[in-house]
Each structure stands twice: as C-alpha cells, then as structure tokens.
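S.K.: structure31.tsv is the file, holding TSV, C-alpha atoms and all ligand atoms:
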```
chain	number	residue	atom	x	y	z
A	594	MET	CA	0.00	0.00	0.00
A	595	ASP	CA	1.34	3.41	-0.93
A	596	GLY	CA	1.54	6.33	1.46
A	597	MET	CA	2.36	6.54	5.13
A	598	ARG	CA	0.01	5.42	7.86
A	599	ILE	CA	-0.33	8.38	10.21
A	600	GLY	CA	-1.97	7.87	13.59
A	601	VAL	CA	-3.70	10.90	15.11
A	602	PHE	CA	-4.28	10.93	18.84
A	603	GLY	CA	-6.37	13.84	20.10
A	604	GLY	CA	-6.95	14.66	23.73
A	605	THR	CA	-7.09	17.21	26.51
A	606	PHE	CA	-4.10	15.48	28.11
A	607	ASP	CA	-4.71	17.05	31.52
A	608	PRO	CA	-2.34	15.32	32.26
A	609	PRO	CA	-1.09	12.80	29.64
A	610	HIS	CA	-0.92	9.47	31.48
A	611	LEU	CA	0.24	5.89	31.03
A	612	ALA	CA	-2.98	4.67	29.38
A	613	HIS	CA	-2.44	7.30	26.67
A	614	ARG	CA	1.11	6.16	26.15
A	615	ILE	CA	0.18	2.47	26.16
A	616	LEU	CA	-2.59	3.09	23.61
A	617	ALA	CA	-0.15	5.07	21.47
A	618	ALA	CA	2.54	2.37	21.61
A	619	GLU	CA	0.14	-0.53	20.97
A	620	ALA	CA	-1.53	1.30	18.10
A	621	LEU	CA	1.82	2.14	16.57
A	622	GLN	CA	2.71	-1.53	16.46
A	623	GLN	CA	-0.63	-3.27	15.90
A	624	LEU	CA	-1.90	-0.84	13.27
A	625	ALA	CA	1.53	-0.61	11.63
A	626	LEU	CA	1.68	3.16	11.89
A	627	ASP	CA	4.65	5.05	10.52
A	628	GLN	CA	4.07	8.03	12.73
A	629	LEU	CA	1.86	9.01	15.64
A	630	VAL	CA	0.76	12.61	15.95
A	631	TRP	CA	-0.44	13.80	19.36
A	632	VAL	CA	-2.97	16.60	18.92
A	633	LEU	CA	-3.47	18.68	22.03
A	634	THR	CA	-6.97	20.17	22.16
A	635	PRO	CA	-6.94	23.62	23.77
A	636	ASP	CA	-10.59	23.78	24.85
A	637	PRO	CA	-12.52	20.61	24.10
A	638	PRO	CA	-16.16	21.31	23.13
A	639	HIS	CA	-17.36	18.63	25.58
A	640	LYS	CA	-15.37	20.01	28.51
A	641	GLN	CA	-16.57	23.63	28.39
A	642	GLY	CA	-16.76	25.23	31.82
A	643	MET	CA	-14.55	22.61	33.46
A	644	SER	CA	-11.28	23.68	35.03
A	645	ILE	CA	-8.28	22.42	33.13
A	646	LEU	CA	-4.60	23.35	33.28
A	647	SER	CA	-3.51	26.08	30.89
A	648	LEU	CA	-2.54	25.23	27.36
A	649	GLU	CA	1.13	26.03	28.04
A	650	GLN	CA	1.21	23.74	31.05
A	651	ARG	CA	-0.39	20.83	29.17
A	652	LEU	CA	1.77	21.47	26.14
A	653	ARG	CA	4.89	21.11	28.25
A	654	MET	CA	3.72	17.73	29.54
A	655	VAL	CA	2.70	16.39	26.11
A	656	GLU	CA	6.01	17.61	24.70
A	657	ALA	CA	7.81	15.56	27.35
A	658	VAL	CA	5.89	12.44	26.28
A	659	THR	CA	6.42	12.93	22.55
A	660	HIS	CA	10.16	13.35	23.08
A	661	GLU	CA	10.35	9.81	24.41
A	662	ASP	CA	9.55	7.98	21.19
A	663	GLU	CA	10.99	8.48	17.74
A	664	GLU	CA	7.64	7.91	16.00
A	665	PHE	CA	5.76	10.33	18.28
A	666	GLU	CA	5.17	13.85	17.09
A	667	LEU	CA	3.42	16.80	18.70
A	668	SER	CA	1.00	18.74	16.52
A	669	LYS	CA	-0.18	22.26	17.26
A	670	ILE	CA	-2.82	22.04	14.53
A	671	GLU	CA	-5.66	22.76	16.97
A	672	ILE	CA	-3.70	25.26	19.04
A	673	ASP	CA	-2.96	27.26	15.90
A	674	ARG	CA	-6.58	27.80	14.89
A	675	PRO	CA	-9.46	29.49	16.67
A	676	PRO	CA	-12.13	27.43	18.46
A	677	PRO	CA	-14.22	25.35	18.21
A	678	HIS	CA	-11.67	22.57	17.74
A	679	TYR	CA	-13.62	19.83	16.04
A	680	ALA	CA	-11.86	16.55	15.27
A	681	LEU	CA	-13.45	16.58	11.81
A	682	VAL	CA	-11.66	19.82	10.95
A	683	THR	CA	-8.36	18.50	12.32
A	684	VAL	CA	-8.54	15.28	10.33
A	685	THR	CA	-9.58	17.15	7.17
A	686	LEU	CA	-6.64	19.55	7.52
A	687	LEU	CA	-4.19	16.72	8.17
A	688	GLN	CA	-5.49	14.82	5.16
A	689	GLU	CA	-5.00	17.95	3.03
A	690	GLN	CA	-1.44	18.29	4.31
A	691	HIS	CA	-0.76	14.60	3.59
A	692	PRO	CA	-2.81	13.83	0.47
A	693	ASP	CA	-1.10	10.50	-0.24
A	694	ASP	CA	-1.17	9.22	3.33
A	695	HIS	CA	-3.72	7.41	5.48
A	696	ILE	CA	-5.10	9.08	8.58
A	697	ILE	CA	-5.90	6.70	11.41
A	698	TYR	CA	-7.64	8.37	14.32
A	699	LEU	CA	-7.06	6.86	17.77
A	700	MET	CA	-9.47	6.96	20.67
A	701	GLY	CA	-10.58	5.14	23.80
A	702	GLY	CA	-13.76	3.06	23.89
A	703	ASP	CA	-15.56	5.81	25.82
A	704	SER	CA	-14.89	8.25	23.00
A	705	LEU	CA	-16.11	5.73	20.42
A	706	ARG	CA	-19.33	5.26	22.37
A	707	ASP	CA	-19.82	9.07	22.42
A	708	LEU	CA	-18.88	9.52	18.75
A	709	PRO	CA	-22.50	10.14	17.61
A	710	THR	CA	-22.48	13.32	19.76
A	711	TRP	CA	-19.36	14.71	18.02
A	712	HIS	CA	-19.57	17.43	15.38
A	713	ARG	CA	-20.76	15.93	12.06
A	714	PRO	CA	-19.76	12.43	13.13
A	715	LEU	CA	-20.57	10.68	9.86
A	716	GLU	CA	-18.28	13.00	7.92
A	717	PHE	CA	-15.62	12.43	10.57
A	718	VAL	CA	-15.88	8.64	10.08
A	719	GLN	CA	-15.78	9.02	6.31
A	720	THR	CA	-12.71	11.25	6.48
A	721	CYS	CA	-10.67	8.82	8.61
A	722	ALA	CA	-9.07	5.89	6.78
A	723	GLU	CA	-9.43	3.85	9.97
A	724	ILE	CA	-10.32	4.42	13.62
A	725	GLY	CA	-8.12	2.68	16.20
A	726	VAL	CA	-9.89	1.96	19.46
A	727	MET	CA	-8.53	0.83	22.81
A	728	ARG	CA	-11.29	-0.48	25.06
A	729	ARG	CA	-11.79	1.30	28.35
A	730	PRO	CA	-13.35	-0.16	31.53
A	731	GLY	CA	-17.11	0.39	31.44
A	732	ASP	CA	-17.17	1.75	27.88
A	733	GLN	CA	-20.15	-0.41	26.79
A	734	ILE	CA	-19.55	-0.36	23.06
A	735	ASP	CA	-22.12	-1.89	20.75
A	736	LEU	CA	-20.50	-1.69	17.33
A	737	ALA	CA	-23.57	-2.96	15.47
A	738	GLU	CA	-25.75	-0.30	17.10
A	739	LEU	CA	-23.16	2.43	16.47
A	740	ASP	CA	-22.95	1.34	12.85
A	741	GLU	CA	-26.69	1.88	12.46
A	742	ILE	CA	-26.30	5.46	13.64
A	743	LEU	CA	-23.08	5.99	11.67
A	744	PRO	CA	-23.16	3.65	8.66
A	745	GLY	CA	-19.69	2.51	7.62
A	746	LEU	CA	-18.20	2.95	11.09
A	747	LYS	CA	-17.80	-0.76	11.82
A	748	ARG	CA	-15.72	-1.25	8.71
A	749	LYS	CA	-13.31	1.47	9.84
A	750	VAL	CA	-12.86	0.42	13.47
A	751	ARG	CA	-9.71	-1.47	14.41
A	752	ILE	CA	-9.72	-2.66	18.00
A	753	VAL	CA	-6.26	-2.30	19.52
A	754	GLN	CA	-5.60	-5.19	21.89
A	755	ALA	CA	-4.43	-3.99	25.29
A	756	PRO	CA	-5.21	-4.71	28.93
A	757	LEU	CA	-8.17	-2.73	30.26
A	758	LEU	CA	-6.61	0.17	32.13
A	759	GLU	CA	-8.51	1.88	34.88
A	760	ILE	CA	-6.47	5.07	34.54
A	761	SER	CA	-7.97	8.48	33.86
A	762	ALA	CA	-6.74	12.05	34.06
A	763	THR	CA	-9.70	12.81	36.34
A	764	ASP	CA	-8.61	10.14	38.82
A	765	ILE	CA	-4.99	11.33	38.74
A	766	ARG	CA	-6.03	14.94	39.40
A	767	LYS	CA	-8.18	13.74	42.29
A	768	ARG	CA	-5.34	11.66	43.72
A	769	ILE	CA	-2.98	14.65	43.67
A	770	LEU	CA	-5.55	16.88	45.32
A	771	GLU	CA	-6.16	14.31	48.04
A	772	GLY	CA	-2.46	13.66	48.64
A	773	ARG	CA	-2.68	10.04	47.45
A	774	THR	CA	0.02	8.26	45.46
A	775	TYR	CA	-0.09	8.90	41.71
A	776	ARG	CA	3.49	8.70	40.44
A	777	TYR	CA	3.30	5.37	38.62
A	778	PHE	CA	0.19	6.28	36.63
A	779	LEU	CA	2.33	8.73	34.68
A	780	PRO	CA	5.33	8.74	32.38
A	781	GLU	CA	8.32	9.65	34.55
A	782	ALA	CA	8.88	12.99	32.80
A	783	VAL	CA	5.27	14.05	33.33
A	784	TRP	CA	5.44	13.09	36.99
A	785	GLN	CA	8.56	15.22	37.37
A	786	ILE	CA	6.93	18.29	35.83
A	787	ILE	CA	3.78	17.94	37.95
A	788	GLN	CA	5.81	17.54	41.08
A	789	GLN	CA	8.22	20.40	40.35
A	790	GLU	CA	5.47	22.82	39.39
A	791	GLY	CA	2.96	21.75	42.01
A	792	TYR	CA	0.21	21.22	39.40
A	793	TYR	CA	-3.24	20.07	40.48
A	794	LEU	CA	-2.71	20.88	44.16
A	795	ASP	CA	-5.50	23.42	43.95
A	796	SER	CA	-8.86	22.53	42.39
A	797	THR	CA	-9.60	26.11	41.28
A	798	PRO	CA	-8.21	27.11	37.86
A	801	LIG	P1	-10.43	13.00	31.76
A	801	LIG	O1	-10.41	12.01	32.89
A	801	LIG	O2	-9.96	14.40	32.17
A	801	LIG	O3	-11.73	13.03	30.99
A	801	LIG	P2	-8.93	11.19	30.03
A	801	LIG	O4	-8.13	10.37	30.98
A	801	LIG	O5	-10.15	10.58	29.40
A	801	LIG	O6	-9.29	12.58	30.70
A	801	LIG	P3	-8.25	12.54	27.54
A	801	LIG	O7	-7.09	13.43	27.30
A	801	LIG	O8	-9.60	13.15	27.60
A	801	LIG	O9	-7.94	11.72	28.90
A	801	LIG	O10	-8.22	11.31	26.52
A	801	LIG	C1	-7.70	11.33	25.23
A	801	LIG	C2	-8.07	10.00	24.57
A	801	LIG	O11	-7.49	8.91	25.29
A	801	LIG	C3	-9.57	9.74	24.52
A	801	LIG	O12	-9.90	9.17	23.26
A	801	LIG	C4	-9.79	8.71	25.62
A	801	LIG	O13	-10.89	7.87	25.34
A	801	LIG	C5	-8.48	7.93	25.60
A	801	LIG	N1	-8.17	7.33	26.90
A	801	LIG	C6	-7.82	7.97	28.04
A	801	LIG	N2	-7.63	7.10	29.05
A	801	LIG	C7	-7.89	5.86	28.54
A	801	LIG	C8	-7.89	4.52	29.12
A	801	LIG	N3	-7.61	4.32	30.40
A	801	LIG	N4	-8.18	3.49	28.28
A	801	LIG	C9	-8.49	3.72	26.98
A	801	LIG	N5	-8.50	4.93	26.40
A	801	LIG	C10	-8.22	6.00	27.16
```
Give the structure from the file, written as structure tokens.
Ligand code: ATP
M.R.:
Amino acid sequence: MDGMRIGVFGGTFDPPHLAHRILAAEALQQLALDQLVWVLTPDPPHKQGMSILSLEQRLRMVEAVTHEDEEFELSKIEIDRPPPHYALVTVTLLQEQHPDDHIIYLMGGDSLRDLPTWHRPLEFVQTCAEIGVMRRPGDQIDLAELDEILPGLKRKVRIVQAPLLEISATDIRKRILEGRTYRYFLPEAVWQIIQQEGYYLDSTP
C-alpha cells in the first residue's frame, strides 16, 4: 500500500498518562503506523466550563511524552486555529497536508461510544481511513448499534488489543488533590513536571 500510515491521537491530556502512552505504543505496532501525531486540544467542546490546566502547562507535559519515542510527534494544529476545535476539521486539515497518506484516528472506547455526539460524526468517520480503538473499563460499546447510527463505522474500526486500564486524568487529578500516590500512573517525565510545578494541588483554575 502506498503512502504513510499516520496515527492521530487527540486529547485534553490534563495530564497525559500511562494509558495514553500504552494506547499510542500498541496502536503504533498493531496498526503498523509510521508516525503518531499527538494533537493537544486547547478547549474541548465537551469540557466547556470545566477547570483544566492552561494550554502552556499541558503542552509542556505532552512535549515531554512525545520526546520519548521516535515515532511520536506533537502537533499544534488545533492550538494554531481558533475554536471550536472539532476533530473533523483536524482530520480534514491533516489529510489535506498529507494527500497521499492514510489518517488513522485513535481513541478510547468511551470516546467511540460518544462519537454520535461529536460534530458531524458521519463526515468524521468518512474522512478517517481507519479508527483505532482501545477499550476502556465500562465503555459499553455496541459496534452494530453504532454502525446503524453511523453507517460505515464498523468497517473502519480497528480494536487495539491492550489490557483494560482503569487510569484516567480525572482520577490522577483527584489523587494529587487528596495527597494520594499517583506517580506510577504517569510517564516519569510528566510526573517530574507535575511535582516540580505543584500542578493540580488546587482545584480552582
Ligand atoms: P479526563 O479524565 O480528564 O476526561 P482522560 O483520561 O479521558 O481525561 P483525555 O485526554 O480526555 O484523557 O483522553 C484522550 C483520549 O485517550 C480519549 O480518546 C480517551 O478515550 C483515551 N483514553 C484515556 N484514558 C484511557 C484509558 N484508560 N483506556 C483507553 N482509552 C483512554
């Protein structure tokens, strides 16, 4: 097959944690990706009004993760354009920038389940060459049902085999706030930044 296989991994990454990195690494191998682009979303449409770390702070942490792997790349494609930051627009722009390549969007099972609520979800599915999915505890995916809502989805989904990981950014933020252990849920470099800067010790933005 001609063209590169480019994985696109979008997220709030507040903070980027080990489940993100495991999904990225498994997808890279199992879906035979040539490159994996981490797309940091400045202000996710579904997280409006919630307190998240600043863009600069999250960018620093995602940068630390992407430095660790040769195939990882950090994209500012959403940072560089005004909101709203829809995944459809991101994938369309990336496809325009890489006309001969295949865009494979990566997401957790919870995101797949919520896909019908995304902006123009059918167009999003049609624009992606494939959608790589790592199951998440409690995600309750019914692919047949989702395919009725978004015809053609099932054909595009590639389940990435990985252990179910009960790790979320929400839980890590809560652990830090409550003074519980959290170090080993994170890539070492991210843990170091959080600790040095005292991130998440205060629940107000
Ligand atoms: P939060 O707890 O703040 O909602 P999160 O841990 O879900 O954050 P995001 O940055 O929102 O992290 O996630 C980016 C992508 O990674 C999403 O597609 C999400 O489904 C996926 N993801 C995150 N954690 C996991 C996990 N433990 N297993 C599978 N997929 C995951």
S.K.: Once you count all atoms listed in the file, which residues end up within 7 Å of ligand LIG 801 (chain A), and could you hand them over as a count of residues only?
M.R.: 27
S.K.: Just the residues within 8 Å of stretch 673-685 of chain A, please, counting all atoms listed in the file, with nothing from its chain fewer than 3 positions along; format it as a list in words.
M.R.: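 After dropping sequence-adjacent residues, the list is Gly603, Thr634, Pro635, Asp636, Pro637, Pro638, Lys669, Ile670, Gln688, Glu689, Ile696, Trp711, His712, Arg713, Pro714, Glu716, Phe717, Thr720 and Cys721 of chain A.
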S.K.: Please write the residues from the selection above to a file, keeping C-alpha atoms, as an mmCIF file, in the coordinates of the input.
M.R.:
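Final file, again.cif:
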```
data_model
loop_
_atom_site.group_PDB
_atom_site.id
_atom_site.type_symbol
_atom_site.label_atom_id
_atom_site.label_comp_id
_atom_site.auth_asym_id
_atom_site.auth_seq_id
_atom_site.Cartn_x
_atom_site.Cartn_y
_atom_site.Cartn_z
ATOM 1 C CA GLY A 603 -6.370 13.840 20.100
ATOM 2 C CA THR A 634 -6.970 20.170 22.160
ATOM 3 C CA PRO A 635 -6.940 23.620 23.770
ATOM 4 C CA ASP A 636 -10.590 23.780 24.850
ATOM 5 C CA PRO A 637 -12.520 20.610 24.100
ATOM 6 C CA PRO A 638 -16.160 21.310 23.130
ATOM 7 C CA LYS A 669 -0.180 22.260 17.260
ATOM 8 C CA ILE A 670 -2.820 22.040 14.530
ATOM 9 C CA GLN A 688 -5.490 14.820 5.160
ATOM 10 C CA GLU A 689 -5.000 17.950 3.030
ATOM 11 C CA ILE A 696 -5.100 9.080 8.580
ATOM 12 C CA TRP A 711 -19.360 14.710 18.020
ATOM 13 C CA HIS A 712 -19.570 17.430 15.380
ATOM 14 C CA ARG A 713 -20.760 15.930 12.060
ATOM 15 C CA PRO A 714 -19.760 12.430 13.130
ATOM 16 C CA GLU A 716 -18.280 13.000 7.920
ATOM 17 C CA PHE A 717 -15.620 12.430 10.570
ATOM 18 C CA THR A 720 -12.710 11.250 6.480
ATOM 19 C CA CYS A 721 -10.670 8.820 8.610
#
```
S.K.: Between A:Glu671, A:Glu781, A:Glu790, A:Glu619, which residue has the minimum interatomic distance to A:Val658, considering all atoms listed in the file?
M.R.: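 Nearest candidate to A:Val658 out of A:Glu671, A:Glu781, A:Glu790, A:Glu619: A:Glu781.
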S.K.: Go through A:Arg706, A:Arg748, A:His610, A:His691 and flag the residue nearest A:Arg651, using only C-alpha atoms for the distances.
M.R.: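 Ranking A:Arg706, A:Arg748, A:His610, A:His691 by distance to A:Arg651, first place goes to A:His610.
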S.K.: From the list A:Gly772, A:Pro780, A:Pro744, A:Gly600, which residue is nearest A:Gln623 when using all atoms listed in the file?
M.R.: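 That would be A:Gly600, the residue with the smallest distance to A:Gln623.
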S.K.: Which distance in Å separates atom CA of A:Glu656 and atom CA of A:Tyr792, to one decimal?
M.R.: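 Between atom CA of A:Glu656 and atom CA of A:Tyr792 the gap is 16.2 Å.
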S.K.: Identify the residues around (4.1, 13.1, 18.2) within a radius of 9 Å, measuring from only C-alpha atoms in the coordinates stated by the file, and give them as a list in words.
M.R.: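 Checked against the point, the hits come out as Val601, Phe602, Gln628, Leu629, Val630, Trp631, Val632, Val655, Glu656, Val658, Thr659, His660, Asp662, Glu663, Glu664, Phe665, Glu666, Leu667 and Ser668 of chain A.
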S.K.: For the selection you just gave me, I'd like the residues written to a file as a PDB file, in the frame of the given file, keeping C-alpha atoms.
M.R.:
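Heads up, here's the output in selection.pdb:
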```pdb
ATOM      1  CA  VAL A 601      -3.700  10.900  15.110  1.00  0.00           C
ATOM      2  CA  PHE A 602      -4.280  10.930  18.840  1.00  0.00           C
ATOM      3  CA  GLN A 628       4.070   8.030  12.730  1.00  0.00           C
ATOM      4  CA  LEU A 629       1.860   9.010  15.640  1.00  0.00           C
ATOM      5  CA  VAL A 630       0.760  12.610  15.950  1.00  0.00           C
ATOM      6  CA  TRP A 631      -0.440  13.800  19.360  1.00  0.00           C
ATOM      7  CA  VAL A 632      -2.970  16.600  18.920  1.00  0.00           C
ATOM      8  CA  VAL A 655       2.700  16.390  26.110  1.00  0.00           C
ATOM      9  CA  GLU A 656       6.010  17.610  24.700  1.00  0.00           C
ATOM     10  CA  VAL A 658       5.890  12.440  26.280  1.00  0.00           C
ATOM     11  CA  THR A 659       6.420  12.930  22.550  1.00  0.00           C
ATOM     12  CA  HIS A 660      10.160  13.350  23.080  1.00  0.00           C
ATOM     13  CA  ASP A 662       9.550   7.980  21.190  1.00  0.00           C
ATOM     14  CA  GLU A 663      10.990   8.480  17.740  1.00  0.00           C
ATOM     15  CA  GLU A 664       7.640   7.910  16.000  1.00  0.00           C
ATOM     16  CA  PHE A 665       5.760  10.330  18.280  1.00  0.00           C
ATOM     17  CA  GLU A 666       5.170  13.850  17.090  1.00  0.00           C
ATOM     18  CA  LEU A 667       3.420  16.800  18.700  1.00  0.00           C
ATOM     19  CA  SER A 668       1.000  18.740  16.520  1.00  0.00           C
TER      20      SER A 668
END
```
S.K.: Can you tell me how far atom CA of A:Ala657 sits from atom CA of A:Ile672, in Å to one decimal?
M.R.: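 Going from atom CA of A:Ala657 over to atom CA of A:Ile672, I get 17.2 Å.
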S.K.: With all atoms listed in the file as the atoms that count, which of A:Ile752, A:Val783, A:Met654, A:Leu746 lies nearest to A:Gly725?
M.R.: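 Answer, going by the shortest atom-to-atom distance: A:Ile752.
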